[in-house]
Each structure stands twice: as structure tokens, then as C-alpha cells.
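Worksheet: the structure to be examined is printed underneath.
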Amino acid sequence: MELLRYLSPLPLIAVLRGITPEEVPAIAGVLFAEGFRVLEVPLNSPRPFESIRLLAREFGERCLVGAGTVIASSDVARVRDSGGALIVMPHGDTAVIREAKRLGLTCIPGVATPTEAFAALTAGADALKMFPAEALPPAALKAWRAVLPREALVFAVGGMKPDNMAPYWAAGADGFGTGSNLYAPASDVATVRAAAAAYAAGFRALKR
């Protein structure tokens, strides 16, 4: 699976909610330098398709770039036409998943129950976004792992910080998504660089 190639340096998805096109080059540059290879721009950000277009032009051959907070099937083609190759959702709408797969895009829907997880996988999801993870304890993920297909990828997203990833990793998470704890609107580059380095160090600590 192509998704696995982008996760190999660091299995973390950067959620750049609120980023503007003007910020994209510098912010994405420091994230790339720290090992992030999956970058999403939520569609409730300012001029998101312009930001996706810039990311795809600059990092499209080195990163998996696309959109988050995709809630309508009609937006999937707009993401693709902007150069995006990734659709991340807060929910498990199977119509959005199927449209993403019809257009050849990687799709990671949000799920909060085993019922939603199985429906998303049946619809063609490439991975699952356990969301919001802060409301779903590691014990829930461990229970999911007992019944989900062994090859199913699950990312814990929502409230993930460098110091709280360990129990989810131990319970079977394949990676994590992080938003405001990594990047907040108008964050300066040094702040984002420090946060990205902390996440990278936090993940490396899990592997020891």
C-alpha cells in the first residue's frame, strides 16, 4: 500500500487546520525536515484548495498531500483537481469513501465504533481514523484490534501529544494524527519546528 511508504519515516499525520496559503511553504518545510510525510489541509481552513495546490506542487512527489474535514462527496474531485491525493474525514460516510476510491485517492475516514469501522473498510477505506481518540481510551482500541482485520491500519486522532501516544501504540495504533498541538493558526515557524521535533522524539521513544 502506498500509504505505508509515506508512514515509514514517521507514522504521523500533520493536520494543518487554519493554515493560509502564505504560510504553507515555510510550515510544510519544517514538518518535512522533522520527518512528516503526510500533510492534510482541513477544508474549513482559509482558501484550502489553494493551500493543497501549493503543497502538491512543492511536496507532492515526497509527501502524501490532501484534505481533511472532507464531509461532502462533491469536494473529493476538487481535492484531486488541486493535486491532492488524500481524503481524511471526521466521519464514516461511505458515499465519500467510495467517491475517493473511484477517483483513485487514499481515504482515511473517521470512526468511533466497530460498526463504523467495518462499514468504512467494506466501502474501501485505506485506513481508519479513531476519532476523537481523547474520548476513546486505549482499551477501546485493544478491543477493536481483537476483531478488525489484521492488516487494517488505525490512527488515533484527537488530543494526541508527544507524551500520550504510548498507551495507544501499545494497544495497536499504527500511527497518529495531530492538529492544534502541532500547528495552530498563525504559529511561527520556530514554534512548529519545536513541536514537530517533540512529536518525532516522542515516537522514537515508543520504538525503543
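Going by the C-alpha cells order, chains are called A, B, ..., each with residues numbered from 1, while ligands are numbered from 1 in the order shown.
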
Within 12 Å of segment 178-194 of chain A, which residues of segment 64-173 of chain A show up? Give each one with its shortest atom-to-atom distance in Å (one decimal) and the two atoms involved, counting only C-alpha atoms, rows by chain then rising residue number, as a Markdown table.
```
| residue | atom | partner | partner_atom | distance |
| --- | --- | --- | --- | --- |
| A:Gly68 | CA | A:Gly179 | CA | 10.7 |
| A:Thr69 | CA | A:Gly179 | CA | 11.9 |
| A:Lys129 | CA | A:Thr178 | CA | 11.4 |
| A:Phe131 | CA | A:Thr178 | CA | 11.3 |
| A:Pro132 | CA | A:Thr178 | CA | 11.1 |
| A:Ala133 | CA | A:Thr178 | CA | 10.8 |
| A:Glu134 | CA | A:Thr178 | CA | 11.8 |
| A:Phe155 | CA | A:Thr178 | CA | 10.1 |
| A:Ala156 | CA | A:Thr178 | CA | 8.9 |
| A:Val157 | CA | A:Thr178 | CA | 6.3 |
| A:Gly158 | CA | A:Thr178 | CA | 6.8 |
| A:Gly159 | CA | A:Thr178 | CA | 7.4 |
| A:Met160 | CA | A:Thr178 | CA | 6.0 |
| A:Lys161 | CA | A:Asn181 | CA | 6.7 |
| A:Pro162 | CA | A:Asn181 | CA | 9.1 |
| A:Asp163 | CA | A:Asn181 | CA | 11.5 |
| A:Asn164 | CA | A:Thr178 | CA | 11.8 |
| A:Met165 | CA | A:Thr178 | CA | 10.7 |
```

Selection export as a CSV table (one decimal), in the first residue's frame, atoms kept: all heavy atoms:
```csv
chain,number,residue,atom,x,y,z
A,68,GLY,N,-8.4,17.4,4.8
A,68,GLY,CA,-9.1,16.9,5.9
A,68,GLY,C,-10.4,17.5,6.1
A,68,GLY,O,-10.8,18.4,5.3
A,69,THR,N,-11.2,17.0,7.0
A,69,THR,CA,-12.6,17.5,7.2
A,69,THR,C,-13.4,17.5,5.9
A,69,THR,O,-14.1,18.5,5.6
A,69,THR,CB,-12.6,18.9,7.9
A,69,THR,OG1,-11.6,18.9,8.9
A,69,THR,CG2,-13.9,19.2,8.5
A,129,LYS,N,-9.5,6.3,11.0
A,129,LYS,CA,-9.1,7.4,11.9
A,129,LYS,C,-10.0,7.2,13.2
A,129,LYS,O,-11.2,7.5,13.1
A,129,LYS,CB,-9.4,8.7,11.2
A,129,LYS,CG,-9.3,10.0,12.1
A,129,LYS,CD,-9.7,11.2,11.3
A,129,LYS,CE,-9.9,12.4,12.1
A,129,LYS,NZ,-10.2,13.6,11.2
A,131,PHE,N,-11.5,8.5,16.1
A,131,PHE,CA,-11.8,9.9,16.4
A,131,PHE,C,-13.1,10.1,17.1
A,131,PHE,O,-14.1,9.5,16.7
A,131,PHE,CB,-11.8,10.7,15.1
A,131,PHE,CG,-12.0,12.1,15.2
A,131,PHE,CD1,-11.0,13.0,15.7
A,131,PHE,CD2,-13.3,12.7,15.0
A,131,PHE,CE1,-11.2,14.3,15.8
A,131,PHE,CE2,-13.5,14.1,15.1
A,131,PHE,CZ,-12.4,14.9,15.5
A,132,PRO,N,-13.0,10.9,18.2
A,132,PRO,CA,-11.9,11.6,18.8
A,132,PRO,C,-11.2,10.6,19.8
A,132,PRO,O,-11.9,10.1,20.7
A,132,PRO,CB,-12.5,12.8,19.5
A,132,PRO,CG,-13.9,12.3,19.9
A,132,PRO,CD,-14.3,11.4,18.8
A,133,ALA,N,-9.9,10.4,19.6
A,133,ALA,CA,-9.2,9.5,20.5
A,133,ALA,C,-9.3,9.8,21.9
A,133,ALA,O,-9.3,9.0,22.8
A,133,ALA,CB,-7.7,9.3,20.0
A,134,GLU,N,-9.3,11.1,22.2
A,134,GLU,CA,-9.4,11.5,23.6
A,134,GLU,C,-10.6,11.1,24.3
A,134,GLU,O,-10.7,11.0,25.6
A,134,GLU,CB,-9.2,13.1,23.7
A,134,GLU,CG,-10.3,13.8,22.9
A,134,GLU,CD,-9.8,15.2,22.6
A,134,GLU,OE1,-9.0,15.8,23.4
A,134,GLU,OE2,-10.3,15.8,21.6
A,155,PHE,N,-5.4,4.9,13.0
A,155,PHE,CA,-4.7,6.1,13.5
A,155,PHE,C,-5.5,6.7,14.6
A,155,PHE,O,-6.7,6.9,14.5
A,155,PHE,CB,-4.5,7.1,12.4
A,155,PHE,CG,-3.6,6.7,11.3
A,155,PHE,CD1,-4.2,6.1,10.2
A,155,PHE,CD2,-2.2,6.8,11.4
A,155,PHE,CE1,-3.4,5.6,9.1
A,155,PHE,CE2,-1.4,6.4,10.3
A,155,PHE,CZ,-2.0,5.8,9.2
A,156,ALA,N,-4.8,6.9,15.8
A,156,ALA,CA,-5.5,7.6,16.9
A,156,ALA,C,-5.4,9.1,16.6
A,156,ALA,O,-4.3,9.7,16.4
A,156,ALA,CB,-4.9,7.3,18.2
A,157,VAL,N,-6.5,9.8,16.6
A,157,VAL,CA,-6.5,11.3,16.2
A,157,VAL,C,-7.5,12.0,17.2
A,157,VAL,O,-8.6,11.5,17.5
A,157,VAL,CB,-7.0,11.5,14.8
A,157,VAL,CG1,-7.0,13.0,14.4
A,157,VAL,CG2,-6.2,10.7,13.8
A,158,GLY,N,-7.0,13.1,17.7
A,158,GLY,CA,-7.8,13.9,18.7
A,158,GLY,C,-7.2,13.9,20.0
A,158,GLY,O,-7.3,12.9,20.8
A,159,GLY,N,-6.5,15.0,20.3
A,159,GLY,CA,-5.9,15.1,21.7
A,159,GLY,C,-4.5,14.4,21.8
A,159,GLY,O,-4.0,14.3,22.9
A,160,MET,N,-4.0,13.9,20.7
A,160,MET,CA,-2.7,13.2,20.8
A,160,MET,C,-1.5,14.2,21.0
A,160,MET,O,-1.4,15.2,20.2
A,160,MET,CB,-2.4,12.4,19.5
A,160,MET,CG,-3.4,11.2,19.3
A,160,MET,SD,-3.1,9.9,20.6
A,160,MET,CE,-4.4,10.3,21.7
A,161,LYS,N,-0.7,13.9,21.9
A,161,LYS,CA,0.5,14.7,22.2
A,161,LYS,C,1.7,13.8,22.3
A,161,LYS,O,1.6,12.6,22.4
A,161,LYS,CB,0.3,15.4,23.6
A,161,LYS,CG,-0.9,16.4,23.6
A,161,LYS,CD,-1.1,17.0,25.0
A,161,LYS,CE,-2.3,17.8,25.1
A,161,LYS,NZ,-2.5,18.4,26.4
A,162,PRO,N,2.9,14.4,22.3
A,162,PRO,CA,4.1,13.5,22.3
A,162,PRO,C,4.2,12.6,23.5
A,162,PRO,O,4.7,11.5,23.5
A,162,PRO,CB,5.3,14.6,22.4
A,162,PRO,CG,4.7,15.7,21.6
A,162,PRO,CD,3.3,15.8,22.0
A,163,ASP,N,3.5,13.0,24.6
A,163,ASP,CA,3.6,12.2,25.9
A,163,ASP,C,2.4,11.3,26.1
A,163,ASP,O,2.4,10.7,27.2
A,163,ASP,CB,3.9,13.2,27.1
A,163,ASP,CG,2.7,14.1,27.3
A,163,ASP,OD1,1.7,14.1,26.5
A,163,ASP,OD2,2.8,14.9,28.3
A,164,ASN,N,1.5,11.3,25.2
A,164,ASN,CA,0.3,10.3,25.5
A,164,ASN,C,0.1,9.3,24.4
A,164,ASN,O,-1.0,8.7,24.3
A,164,ASN,CB,-0.9,11.1,25.8
A,164,ASN,CG,-1.5,11.9,24.6
A,164,ASN,OD1,-1.0,11.9,23.5
A,164,ASN,ND2,-2.6,12.6,24.8
A,165,MET,N,1.1,9.2,23.5
A,165,MET,CA,0.9,8.3,22.4
A,165,MET,C,1.2,6.8,22.8
A,165,MET,O,0.6,5.9,22.2
A,165,MET,CB,1.8,8.6,21.2
A,165,MET,CG,1.6,10.0,20.6
A,165,MET,SD,2.6,10.3,19.1
A,165,MET,CE,4.2,10.4,19.8
```

Determine, using only C-alpha atoms, which residues of segment 20-51 of chain A have any atom at most 12 Å from an atom of segment 70-91 of chain A, and tabulate each with its shortest atom pair and distance in Å to one decimal place, rows ordered by chain and then rising number, as a Markdown table.
```
| residue | atom | partner | partner_atom | distance |
| --- | --- | --- | --- | --- |
| A:Arg37 | CA | A:Leu86 | CA | 11.9 |
| A:Val38 | CA | A:Leu86 | CA | 8.7 |
| A:Leu39 | CA | A:Leu86 | CA | 8.7 |
| A:Glu40 | CA | A:Leu86 | CA | 7.6 |
| A:Val41 | CA | A:Val88 | CA | 9.3 |
| A:Pro42 | CA | A:Val70 | CA | 7.3 |
| A:Leu43 | CA | A:Val70 | CA | 6.4 |
| A:Asn44 | CA | A:Val70 | CA | 8.9 |
| A:Ser45 | CA | A:Val70 | CA | 11.5 |
| A:Arg47 | CA | A:Ser82 | CA | 11.6 |
| A:Pro48 | CA | A:Val79 | CA | 9.2 |
| A:Phe49 | CA | A:Ser82 | CA | 6.0 |
| A:Glu50 | CA | A:Ser82 | CA | 7.4 |
| A:Ser51 | CA | A:Ser82 | CA | 8.9 |
```

Within 9 Å of Leu206 of chain A using only C-alpha atoms, minus same-chain residues under 4 positions, as a list in words: Met165, Ala166, Trp169, Ala170, Ala201 and Gly202 of chain A

Residues from last step as file, all heavy atoms, as an mmCIF file, in the first residue's frame:
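The resulting file, part-v2.cif, is reproduced below:
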```cif
data_model
loop_
_atom_site.group_PDB
_atom_site.id
_atom_site.type_symbol
_atom_site.label_atom_id
_atom_site.label_comp_id
_atom_site.auth_asym_id
_atom_site.auth_seq_id
_atom_site.Cartn_x
_atom_site.Cartn_y
_atom_site.Cartn_z
ATOM 1 N N MET A 165 1.054 9.210 23.460
ATOM 2 C CA MET A 165 0.900 8.261 22.363
ATOM 3 C C MET A 165 1.162 6.822 22.798
ATOM 4 O O MET A 165 0.609 5.884 22.214
ATOM 5 C CB MET A 165 1.839 8.624 21.206
ATOM 6 C CG MET A 165 1.559 9.963 20.567
ATOM 7 S SD MET A 165 2.554 10.276 19.069
ATOM 8 C CE MET A 165 4.216 10.439 19.783
ATOM 9 N N ALA A 166 1.993 6.630 23.800
ATOM 10 C CA ALA A 166 2.468 5.294 24.163
ATOM 11 C C ALA A 166 1.352 4.283 24.436
ATOM 12 O O ALA A 166 1.397 3.157 23.912
ATOM 13 C CB ALA A 166 3.417 5.379 25.355
ATOM 14 N N TRP A 169 -0.224 3.260 21.179
ATOM 15 C CA TRP A 169 0.709 2.439 20.398
ATOM 16 C C TRP A 169 0.719 1.012 20.937
ATOM 17 O O TRP A 169 0.656 0.037 20.174
ATOM 18 C CB TRP A 169 2.099 3.062 20.457
ATOM 19 C CG TRP A 169 3.125 2.382 19.618
ATOM 20 C CD1 TRP A 169 4.114 1.539 20.039
ATOM 21 C CD2 TRP A 169 3.290 2.486 18.199
ATOM 22 N NE1 TRP A 169 4.878 1.111 18.979
ATOM 23 C CE2 TRP A 169 4.398 1.672 17.841
ATOM 24 C CE3 TRP A 169 2.621 3.202 17.199
ATOM 25 C CZ2 TRP A 169 4.849 1.564 16.525
ATOM 26 C CZ3 TRP A 169 3.057 3.075 15.887
ATOM 27 C CH2 TRP A 169 4.153 2.268 15.562
ATOM 28 N N ALA A 170 0.751 0.884 22.248
ATOM 29 C CA ALA A 170 0.764 -0.440 22.871
ATOM 30 C C ALA A 170 -0.541 -1.192 22.599
ATOM 31 O O ALA A 170 -0.548 -2.433 22.516
ATOM 32 C CB ALA A 170 0.992 -0.304 24.378
ATOM 33 N N ALA A 201 10.514 12.913 18.410
ATOM 34 C CA ALA A 201 11.234 12.305 19.537
ATOM 35 C C ALA A 201 10.309 11.398 20.340
ATOM 36 O O ALA A 201 10.708 10.316 20.790
ATOM 37 C CB ALA A 201 11.810 13.399 20.428
ATOM 38 N N GLY A 202 9.054 11.833 20.503
ATOM 39 C CA GLY A 202 8.093 11.017 21.235
ATOM 40 C C GLY A 202 7.839 9.695 20.546
ATOM 41 O O GLY A 202 7.730 8.653 21.202
#
```

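Checking A:Ala197, A:Leu4, A:Val147, A:Val96 one by one against Leu31 of chain A, counting only C-alpha atoms, you find the shortest gap at A:Ala197.
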
All residues 12 Å or closer to Arg150 of chain A, only C-alpha atoms, same chain fewer than 5 positions away omitted, as number ranges by chain: A: 127, 144-145, 172-174

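The two atoms in question, atom CA of Met130 of chain A and atom CA of Val154 of chain A, are spaced 6.6 Å apart.
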
Backbone-only DSSP, alpha helix (DSSP H) members of segment 48-153 of chain A, as a ChimeraX atom specification: /A:48-59,74-81,94-102,114-123,138-145

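When only C-alpha atoms are used to compute distances to Leu64 of chain A, the closest of the residues A:Lys207, A:Arg98, A:Lys142, A:Arg5 turns out to be A:Arg5.
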
Residue with smallest distance to Pro11 of chain A - pool A:Gly92, A:Arg62, A:Ala171, A:Leu153, counting only C-alpha atoms: A:Leu153

Interatomic distance, atom CA of Glu99 of chain A to atom CA of Thr122 of chain A (Å, one decimal):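 Calculated distance between atom CA of Glu99 of chain A and atom CA of Thr122 of chain A is 13.5 Å.
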